[in-house]
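Worksheet: one structure, shown below.
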4 protein chains.
Amino acid sequence: MKLDLQGIFPPIPTPFENGHCAPHRLEENLAKWNDTGLSGYLVLGSNGEAPLLSEAEKLELVRVARQAIPAEKILLIGSGLESTDATSVLTYRLADLGADAALVLTPSFYRDQLTPEAMRRHFEAIAEASPIPILIYNVPKFTGVNLSIEAVVNLAQHANIIGMKDSSGNLGQLIELREKLPSNFQLLIGTDSVFFGGLAHGLRGAILALANVAPRECVELFNAVEDEKWDVAQALANRIAPVGRAVASRFGVPGLKTALDEIGYFGGEPRPPLLSVSEKVREEIRLILQKAGLLE
Amino acid sequence: MKLDLQGIFPPIPTPFENGHCAPHRLEENLAKWNDTGLSGYLVLGSNGEAPLLSEAEKLELVRVARQAIPAEKILLIGSGLESTDATSVLTYRLADLGADAALVLTPSFYRDQLTPEAMRRHFEAIAEASPIPILIYNVPKFTGVNLSIEAVVNLAQHANIIGMKDSSGNLGQLIELREKLPSNFQLLIGTDSVFFGGLAHGLRGAILALANVAPRECVELFNAVEDEKWDVAQALANRIAPVGRAVASRFGVPGLKTALDEIGYFGGEPRPPLLSVSEKVREEIRLILQKAGLLE
Amino acid sequence: MKLDLQGIFPPIPTPFENGHCAPHRLEENLAKWNDTGLSGYLVLGSNGEAPLLSEAEKLELVRVARQAIPAEKILLIGSGLESTDATSVLTYRLADLGADAALVLTPSFYRDQLTPEAMRRHFEAIAEASPIPILIYNVPKFTGVNLSIEAVVNLAQHANIIGMKDSSGNLGQLIELREKLPSNFQLLIGTDSVFFGGLAHGLRGAILALANVAPRECVELFNAVEDEKWDVAQALANRIAPVGRAVASRFGVPGLKTALDEIGYFGGEPRPPLLSVSEKVREEIRLILQKAGLLE
Amino acid sequence: MKLDLQGIFPPIPTPFENGHCAPHRLEENLAKWNDTGLSGYLVLGSNGEAPLLSEAEKLELVRVARQAIPAEKILLIGSGLESTDATSVLTYRLADLGADAALVLTPSFYRDQLTPEAMRRHFEAIAEASPIPILIYNVPKFTGVNLSIEAVVNLAQHANIIGMKDSSGNLGQLIELREKLPSNFQLLIGTDSVFFGGLAHGLRGAILALANVAPRECVELFNAVEDEKWDVAQALANRIAPVGRAVASRFGVPGLKTALDEIGYFGGEPRPPLLSVSEKVREEIRLILQKAGLLE
């Protein structure tokens, strides 16, 4: 049975209280998101501050998330680490807790030595070892690495590598990937700025920070395109664009958490070295949310 | 009377024969393009090899172009040079030959010293001196300079700066510019990869290398979006995307000229240091054109 | 008692056998290096494949290293992680095992949010918590982050931040840092390409991959500059420059390990995703070592 | 007779008065520089604002410079343009006015199409056509192009390509070039930050903005290295380093012109889009010059 990744997936942030993971806050948030038409969730992504979490915290968060997410919704987890073997082990453990597929970040520290061959072996070793399907996670903004289209096309031949989140923010790259990848390979839009552009070209799924804050609007936009209500889609896309920028490129995870606080979810503080946004930025985020109709 | 830049404008290449400008080839090409529904033309753009032309050649090309272009079609010319004064003088001379508006490239050689203030004074001095309206031309791929959104918003206040061609290839930047610029400022899509994405978000004009090779298709796509025939638009956008890549990012001006040769226009050789494409690339371009339905 | 970081420190690689850390190989290598005039060692640096090691492995490696390193030689350890708190905890544990100072890598994953203020709080929190002195580790090649000179000057005011390894490879940056930092702040050259250039300008210490493979030569060059034997220094610098390139920028950690194998130390395989060099590259490295007089 | 490019060459700025070239100011400056031990001059380099000059101005400036420069001093001229043929023609005309060698900037506008083969043909065509020897000018800061070492090694085989100014600012690249180029190929240091580092490694010539402002000090440093007076050299290098930064990377051509004004040469205003420095920066430059002992 092929996992179907159509629709909208928020990469959910990790709630902290007094510096510790706060699983009950995660449950509260999920209870709200569960009502919004989302197809599922990504836990332990970049927006989940995965690089700032211990392995024990990761296991606990996924355990809690699985229980709080209805069986019919998909649980994606981020399991990429710099080491190939460590990634395989973590993927295995998270799969065991009920994850449906693993999003594996490109390694990046030794980027000059990470030849296409090294990348190929890395992803294939992880895919071989994994009991659940693998998605490639390409995010140059955080890693300084942009997988070549050829590399992705090669990896797509592996039976257990079923898709990719491309967060290059480059619509041309998304279009070219779509053209060259097999039609059953699931290419997910990974940046808010090319969300509507990607849907317009025919893509069918997205993992977006924006979807944490505007889940209904993202789902509505997706449906409007499916239903060919383009005027609705365009108006919606332009309305939520400033929110997407605020919670992603402009203010990052701290901005996303602030926006969640403002709309009645639990956002809270990020973990250092990330700092909470200033009061001035909080005010700006509030205005952006208000203008987009996301505050009552 | 405000100049209306809706629709599609190809940045036409400069035809050479034996290393010299060949104005009659330009006339032949324009005679064909004139029948395709284009709104006008850009002469002396990057695709026109402007940095490789003498001033005398530029004047001759514009003179010839103006005569070969019907009065109801718009003639845009590229007049940007590194020097502010030299740009003003060239703009004046080209205006005198009947250009409707000038596309002014950002200066870039001394980029570390080109502060927002230096850029502002540069464009304003040119706009003051120019008898025709000015469009800002932002193309980081060639210049290594990306004008900030704030800088553009400031420049847009000048009565004689009426628009901008953004060739950053960044859809997010286009969307943010559209949001923040006055609604009568004419923002033109300048990269094939975000053509359909930009139209989807509501933009109304484009200057695209692709429009040289697929003028009817580009116009048809533009009209399909205007008419809300989105299925037609999507299919068309995905069909011509590989052509856009071939004549822009992949093979540049030499690729564009090759494609023109293949579809029955005059392409010819680029001027050194640009080299003609290899026979192998020519064959690849032929296949791409064929697959897109652009060869009979 | 101030820790004095004059002289040469190799960032030693981590030996693996069958994929596992091989502490006895580390002991063998250290026994050889101990005879070469090095001032001390960096364990768990980038060349030590720190991002590919588990915490348990890190603790074991430092424990073994401390026992194998004479008390009069300095043991530096790399303890930087993305999380501020996790870095503090690891620094504490490694200090407990006898490390003399900790080299703390700049965090980098959330680089767009890592403002000067965020960086300042990160390093100061770690310096406050650490029982041993802290050195800043700036290595844009791996992190995509280059700390500003102002940021370093500010951090240098903290009593427990006593120095910095700058691996920008930018001699101008090293010179400017030297000028602006207090004279008791210990600025260490971190790139082989500016080793001699940095000494020429008056710097007094270096942490260099090259020093693993050419420890005597690096020490000799350092001493030649101290003794004002510039002809000797210049000849030596130019002789070992190709080796420095091979084990750093060109072939990275896999190249360094290969070179160690060739000169009779234990190099072994890197940990995936890093791949061993090809036979052809091994041959090239052998020739480079031979030409530099590093093979018997 | 081989042209010998040992020693120090300032890339002299172009004096303007009321926006026009002021040849008598050039003569005044040259009269002063002629007494300082410089080996010669570069006219029409980047610091000469060459991209902002007309061809007529270029010819006039070189004509005047040749008359004001003693026959035993070398006159280098910058003749690089984007077009291969235009560069050949300009080189020929400037050679005719008595230039000893031409520094040819890498073309850069169409950088993605400027393959090694295109670069090779460009430089070889110019070298073939030129009556005077050619030097390659590599300056990524202005062009966004960094010639590969292999490309330079290939070009160095041409009898009329006798040297290169490398302004990458990368000491490692200079060292590798020196290693791989024939010993009679004249590699010139082109960045102040690696001036002393480059001399330390054995290079024998430099073209430096700094040499406009501190000609005697640059010559003295060069001689000190020749005479193996390294203490003198080191002290001098560290003393003038802040001046080099001010007139190059920090404040560019406007900063250089300001510094010349301050030390009693004619600096004057740059040509727009370059702007004069603010009064605050002028004061900072004055302090830097004073601290370096360059003001009476």
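Chain labels A, B, ... are given in the sequence in which chains occur in the structure tokens; within each chain residues are numbered consecutively from 1, and ligands are likewise numbered from 1 in the order shown.
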Backbone DSSP call of alpha helix (DSSP H) for range 50-263 of chain C, listed as a tab-separated table (two decimals) with C-alpha atoms, in the first residue's frame:
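Written file, selection_32.tsv:
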```tsv
chain	number	residue	atom	x	y	z
C	55	GLU	CA	28.58	11.36	23.03
C	56	ALA	CA	29.77	8.08	24.49
C	57	GLU	CA	32.46	7.86	21.82
C	58	LYS	CA	33.53	11.43	22.48
C	59	LEU	CA	33.96	10.78	26.19
C	60	GLU	CA	35.94	7.61	25.57
C	61	LEU	CA	38.24	9.29	23.02
C	62	VAL	CA	39.05	12.18	25.35
C	63	ARG	CA	39.65	9.84	28.28
C	64	VAL	CA	42.09	7.79	26.23
C	65	ALA	CA	43.75	10.85	24.73
C	66	ARG	CA	44.37	12.46	28.11
C	67	GLN	CA	46.13	9.36	29.36
C	68	ALA	CA	48.26	9.13	26.23
C	84	THR	CA	23.71	26.12	23.85
C	85	ASP	CA	22.82	23.96	26.80
C	86	ALA	CA	23.96	20.73	25.19
C	87	THR	CA	27.30	22.38	24.45
C	88	SER	CA	27.64	23.48	28.08
C	89	VAL	CA	26.93	19.99	29.34
C	90	LEU	CA	29.36	18.35	26.94
C	91	THR	CA	32.06	20.91	27.72
C	92	TYR	CA	31.66	20.18	31.42
C	93	ARG	CA	31.97	16.43	30.91
C	94	LEU	CA	35.03	16.72	28.70
C	95	ALA	CA	36.68	19.17	31.10
C	96	ASP	CA	36.16	16.61	33.79
C	116	PRO	CA	25.28	38.91	16.88
C	117	GLU	CA	23.21	39.02	20.05
C	118	ALA	CA	22.28	35.33	19.76
C	119	MET	CA	25.92	34.40	19.16
C	120	ARG	CA	27.05	36.52	22.11
C	121	ARG	CA	24.59	34.87	24.49
C	122	HIS	CA	25.52	31.42	23.18
C	123	PHE	CA	29.25	31.80	23.78
C	124	GLU	CA	28.87	33.66	27.04
C	125	ALA	CA	26.50	31.07	28.48
C	126	ILE	CA	28.97	28.33	27.62
C	127	ALA	CA	31.92	30.32	28.96
C	128	GLU	CA	30.06	30.97	32.22
C	129	ALA	CA	29.27	27.32	32.72
C	140	PRO	CA	32.88	29.19	7.42
C	141	LYS	CA	33.84	26.34	5.10
C	142	PHE	CA	31.91	23.88	7.26
C	143	THR	CA	29.30	26.12	8.87
C	149	ILE	CA	35.28	40.96	13.85
C	150	GLU	CA	33.11	43.11	16.10
C	151	ALA	CA	31.45	40.01	17.52
C	152	VAL	CA	34.81	38.44	18.34
C	153	VAL	CA	36.12	41.65	19.88
C	154	ASN	CA	33.07	41.72	22.15
C	155	LEU	CA	33.39	38.08	23.16
C	171	LEU	CA	44.70	36.35	5.85
C	172	GLY	CA	43.20	39.85	5.87
C	173	GLN	CA	40.69	38.75	8.49
C	174	LEU	CA	43.42	37.25	10.65
C	175	ILE	CA	45.45	40.48	10.44
C	176	GLU	CA	42.46	42.62	11.32
C	177	LEU	CA	41.52	40.34	14.24
C	178	ARG	CA	45.08	40.50	15.54
C	179	GLU	CA	45.03	44.29	15.36
C	180	LYS	CA	41.72	44.69	17.16
C	195	PHE	CA	50.04	29.40	8.12
C	196	PHE	CA	53.28	31.04	7.02
C	197	GLY	CA	51.53	34.30	6.10
C	198	GLY	CA	50.01	34.46	9.58
C	199	LEU	CA	53.33	33.73	11.31
C	200	ALA	CA	54.99	36.38	9.13
C	210	LEU	CA	48.80	19.63	8.04
C	211	ALA	CA	50.40	19.26	11.47
C	212	ASN	CA	49.10	15.70	11.70
C	213	VAL	CA	51.15	14.69	8.68
C	215	PRO	CA	54.39	17.75	12.66
C	216	ARG	CA	58.16	18.22	12.69
C	217	GLU	CA	58.08	20.47	9.64
C	218	CYS	CA	55.32	22.66	11.09
C	219	VAL	CA	57.22	23.00	14.35
C	220	GLU	CA	60.44	23.69	12.47
C	221	LEU	CA	58.74	26.39	10.41
C	222	PHE	CA	57.31	27.95	13.57
C	223	ASN	CA	60.76	27.92	15.20
C	224	ALA	CA	62.45	29.29	12.10
C	225	VAL	CA	60.17	32.31	12.20
C	226	GLU	CA	60.79	32.74	15.94
C	230	TRP	CA	63.39	33.41	7.13
C	231	ASP	CA	65.05	31.61	4.28
C	232	VAL	CA	64.57	28.33	6.04
C	233	ALA	CA	60.97	29.24	6.80
C	234	GLN	CA	60.14	30.27	3.24
C	235	ALA	CA	61.66	27.13	1.75
C	236	LEU	CA	59.84	24.94	4.26
C	237	ALA	CA	56.52	26.76	3.78
C	238	ASN	CA	56.61	26.33	0.04
C	239	ARG	CA	57.71	22.70	0.37
C	240	ILE	CA	54.81	21.64	2.59
C	241	ALA	CA	52.11	23.83	1.01
C	242	PRO	CA	50.93	21.09	-1.41
C	243	VAL	CA	50.58	18.66	1.49
C	244	GLY	CA	48.46	21.15	3.39
C	245	ARG	CA	46.17	21.53	0.41
C	252	GLY	CA	39.43	16.64	3.43
C	253	VAL	CA	39.36	14.12	6.26
C	254	PRO	CA	39.57	11.11	3.91
C	255	GLY	CA	42.72	12.62	2.38
C	256	LEU	CA	44.19	13.30	5.79
C	257	LYS	CA	43.60	9.70	6.88
C	258	THR	CA	45.17	8.41	3.69
C	259	ALA	CA	48.24	10.57	4.19
C	260	LEU	CA	48.59	9.27	7.75
C	261	ASP	CA	48.48	5.71	6.47
C	262	GLU	CA	51.20	6.52	3.99
```
From range 104-245 of chain B, collect each residue whose DSSP state is strand (DSSP E or B) and return the set as a list of chain:residue names.
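Going through range 104-245 of chain B, the strand (DSSP E or B) residues come out as B:Val104, B:Leu105, B:Ile134, B:Leu135, B:Ile136, B:Tyr137, B:Asn138, B:Ile161, B:Ile162, B:Gly163, B:Met164, B:Lys165, B:Asp166, B:Gln186, B:Leu187, B:Leu188, B:Ile189, B:Gly205, B:Ala206, B:Ile207.
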Store the residues of this selection in a file with all heavy atoms, as a compact mmCIF listing (two decimals), in the first residue's frame.
```txt
# COMPACT_ATOMS: atom_id res chain seq x y z
N VAL B 104 16.75 50.08 -17.43
CA VAL B 104 18.08 50.49 -16.95
C VAL B 104 18.62 49.46 -15.96
O VAL B 104 18.12 49.33 -14.84
CB VAL B 104 18.02 51.88 -16.31
CG1 VAL B 104 19.38 52.26 -15.73
CG2 VAL B 104 17.59 52.91 -17.36
N LEU B 105 19.63 48.76 -16.40
CA LEU B 105 20.33 47.76 -15.59
C LEU B 105 20.95 48.41 -14.37
O LEU B 105 21.51 49.50 -14.47
CB LEU B 105 21.44 47.19 -16.48
CG LEU B 105 22.27 46.02 -15.97
CD1 LEU B 105 21.42 44.77 -15.95
CD2 LEU B 105 23.49 45.81 -16.88
N ILE B 134 11.33 55.26 -17.32
CA ILE B 134 12.41 54.34 -16.94
C ILE B 134 11.83 53.11 -16.26
O ILE B 134 10.93 53.23 -15.43
CB ILE B 134 13.37 55.07 -15.97
CG1 ILE B 134 14.07 56.25 -16.66
CG2 ILE B 134 14.36 54.12 -15.34
CD1 ILE B 134 14.92 55.87 -17.84
N LEU B 135 12.39 51.95 -16.61
CA LEU B 135 12.11 50.72 -15.88
C LEU B 135 13.41 50.24 -15.25
O LEU B 135 14.45 50.25 -15.91
CB LEU B 135 11.60 49.62 -16.83
CG LEU B 135 10.35 49.92 -17.63
CD1 LEU B 135 10.24 48.97 -18.82
CD2 LEU B 135 9.12 49.75 -16.73
N ILE B 136 13.35 49.82 -14.01
CA ILE B 136 14.52 49.26 -13.33
C ILE B 136 14.72 47.82 -13.81
O ILE B 136 13.77 47.08 -13.96
CB ILE B 136 14.30 49.25 -11.80
CG1 ILE B 136 14.04 50.67 -11.29
CG2 ILE B 136 15.47 48.61 -11.09
CD1 ILE B 136 13.45 50.70 -9.88
N TYR B 137 15.98 47.46 -14.05
CA TYR B 137 16.27 46.09 -14.48
C TYR B 137 17.16 45.43 -13.44
O TYR B 137 18.33 45.78 -13.28
CB TYR B 137 16.96 46.13 -15.84
CG TYR B 137 17.32 44.79 -16.45
CD1 TYR B 137 16.77 43.60 -16.01
CD2 TYR B 137 18.24 44.72 -17.50
CE1 TYR B 137 17.10 42.39 -16.59
CE2 TYR B 137 18.58 43.51 -18.10
CZ TYR B 137 18.02 42.35 -17.63
OH TYR B 137 18.37 41.14 -18.19
N ASN B 138 16.61 44.48 -12.73
CA ASN B 138 17.30 43.76 -11.65
C ASN B 138 17.59 42.34 -12.10
O ASN B 138 16.67 41.54 -12.28
CB ASN B 138 16.38 43.73 -10.42
CG ASN B 138 17.05 43.16 -9.19
OD1 ASN B 138 18.12 43.61 -8.80
ND2 ASN B 138 16.43 42.14 -8.59
N ILE B 161 9.85 56.78 -13.06
CA ILE B 161 10.26 55.38 -12.91
C ILE B 161 8.97 54.58 -12.79
O ILE B 161 8.32 54.58 -11.76
CB ILE B 161 11.17 55.17 -11.69
CG1 ILE B 161 12.45 56.04 -11.83
CG2 ILE B 161 11.54 53.70 -11.54
CD1 ILE B 161 13.41 55.96 -10.66
N ILE B 162 8.58 53.94 -13.87
CA ILE B 162 7.20 53.41 -13.94
C ILE B 162 7.12 51.90 -13.77
O ILE B 162 6.02 51.35 -13.72
CB ILE B 162 6.53 53.78 -15.27
CG1 ILE B 162 7.24 53.08 -16.44
CG2 ILE B 162 6.49 55.29 -15.46
CD1 ILE B 162 6.38 52.99 -17.69
N GLY B 163 8.27 51.25 -13.68
CA GLY B 163 8.17 49.81 -13.56
C GLY B 163 9.51 49.16 -13.35
O GLY B 163 10.53 49.83 -13.16
N MET B 164 9.51 47.82 -13.39
CA MET B 164 10.71 47.05 -13.09
C MET B 164 10.61 45.69 -13.76
O MET B 164 9.53 45.08 -13.76
CB MET B 164 10.79 46.84 -11.59
CG MET B 164 11.97 45.98 -11.16
SD MET B 164 11.84 45.62 -9.38
CE MET B 164 13.46 44.93 -9.08
N LYS B 165 11.72 45.26 -14.29
CA LYS B 165 11.84 43.86 -14.70
C LYS B 165 12.65 43.16 -13.62
O LYS B 165 13.82 43.49 -13.41
CB LYS B 165 12.58 43.74 -16.04
CG LYS B 165 12.77 42.30 -16.49
CD LYS B 165 13.69 42.14 -17.71
CE LYS B 165 13.73 40.67 -18.11
NZ LYS B 165 14.87 40.34 -18.99
N ASP B 166 12.05 42.22 -12.92
CA ASP B 166 12.78 41.47 -11.91
C ASP B 166 13.16 40.10 -12.47
O ASP B 166 12.31 39.26 -12.72
CB ASP B 166 11.98 41.29 -10.63
CG ASP B 166 12.80 40.53 -9.59
OD1 ASP B 166 13.95 40.95 -9.33
OD2 ASP B 166 12.34 39.50 -9.08
N GLN B 186 4.53 49.10 -12.74
CA GLN B 186 4.38 47.93 -13.59
C GLN B 186 5.53 46.94 -13.38
O GLN B 186 6.63 47.12 -13.88
CB GLN B 186 4.29 48.37 -15.04
CG GLN B 186 3.17 49.42 -15.19
CD GLN B 186 2.78 49.65 -16.62
OE1 GLN B 186 2.39 48.72 -17.33
NE2 GLN B 186 2.87 50.89 -17.06
N LEU B 187 5.21 45.90 -12.65
CA LEU B 187 6.20 44.89 -12.30
C LEU B 187 6.17 43.78 -13.35
O LEU B 187 5.16 43.11 -13.52
CB LEU B 187 5.88 44.33 -10.91
CG LEU B 187 6.84 43.31 -10.35
CD1 LEU B 187 8.26 43.86 -10.21
CD2 LEU B 187 6.34 42.83 -9.00
N LEU B 188 7.30 43.59 -14.02
CA LEU B 188 7.36 42.61 -15.09
C LEU B 188 8.15 41.38 -14.67
O LEU B 188 9.24 41.51 -14.08
CB LEU B 188 8.00 43.23 -16.33
CG LEU B 188 7.28 44.47 -16.88
CD1 LEU B 188 8.11 45.13 -17.97
CD2 LEU B 188 5.91 44.06 -17.44
N ILE B 189 7.61 40.23 -14.97
CA ILE B 189 8.30 38.97 -14.71
C ILE B 189 9.48 38.89 -15.69
O ILE B 189 9.30 39.10 -16.88
CB ILE B 189 7.34 37.78 -14.97
CG1 ILE B 189 6.11 37.89 -14.06
CG2 ILE B 189 8.06 36.46 -14.79
CD1 ILE B 189 4.94 37.00 -14.50
N GLY B 205 2.58 41.17 -16.82
CA GLY B 205 3.48 41.37 -17.94
C GLY B 205 4.78 40.61 -17.73
O GLY B 205 5.13 40.28 -16.59
N ALA B 206 5.46 40.32 -18.84
CA ALA B 206 6.70 39.54 -18.73
C ALA B 206 7.63 39.86 -19.89
O ALA B 206 7.18 40.07 -21.02
CB ALA B 206 6.38 38.05 -18.72
N ILE B 207 8.92 39.91 -19.57
CA ILE B 207 9.97 40.01 -20.59
C ILE B 207 10.78 38.74 -20.46
O ILE B 207 11.48 38.54 -19.46
CB ILE B 207 10.87 41.24 -20.33
CG1 ILE B 207 10.04 42.54 -20.33
CG2 ILE B 207 12.00 41.31 -21.35
CD1 ILE B 207 10.85 43.80 -20.05
```
Distance CA of Asn146 in chain A-CA of Pro272 in chain C, one decimal place?
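Computed distance, CA of Asn146 in chain A to CA of Pro272 in chain C, equals 19.0 Å.
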Skipping near chain neighbours, those fewer than 2 positions away, what residues fall within 10 Å of range 70-77 of chain A using only C-alpha atoms, listed as a PyMOL selection string?
chain A and resi 3-5+9-11+30-31+34+37-45+48+58+62+65-68+79-80+91+94-95+98-104+133-135
One number please: CA of Asp112 in chain A to CA of Phe251 in chain C, in Å, one decimal.
8.4 Å
What is the distance, in Å and to one decimal place, between CA of Val281 in chain B and CA of Asp192 in chain B?
19.8 Å
Which of these, A:Leu275, A:Leu289, A:Val194, A:Ile12, has the shortest distance to Ala246 in chain A once you count only C-alpha atoms?
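Going through A:Leu275, A:Leu289, A:Val194, A:Ile12 one by one, the smallest distance to Ala246 in chain A is for A:Leu289.
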Out of A:Gly264, A:Asn170, A:Val277, A:Leu208, which residue has the shortest atom-to-atom distance to chain B when counting only C-alpha atoms?
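Under the stated criterion, the closest residue is A:Asn170.
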From the set C:Gly78, C:Gly202, C:Gly19, C:Pro51, which residue has the shortest atom-to-atom contact distance to chain D, counting only C-alpha atoms?
C:Gly202
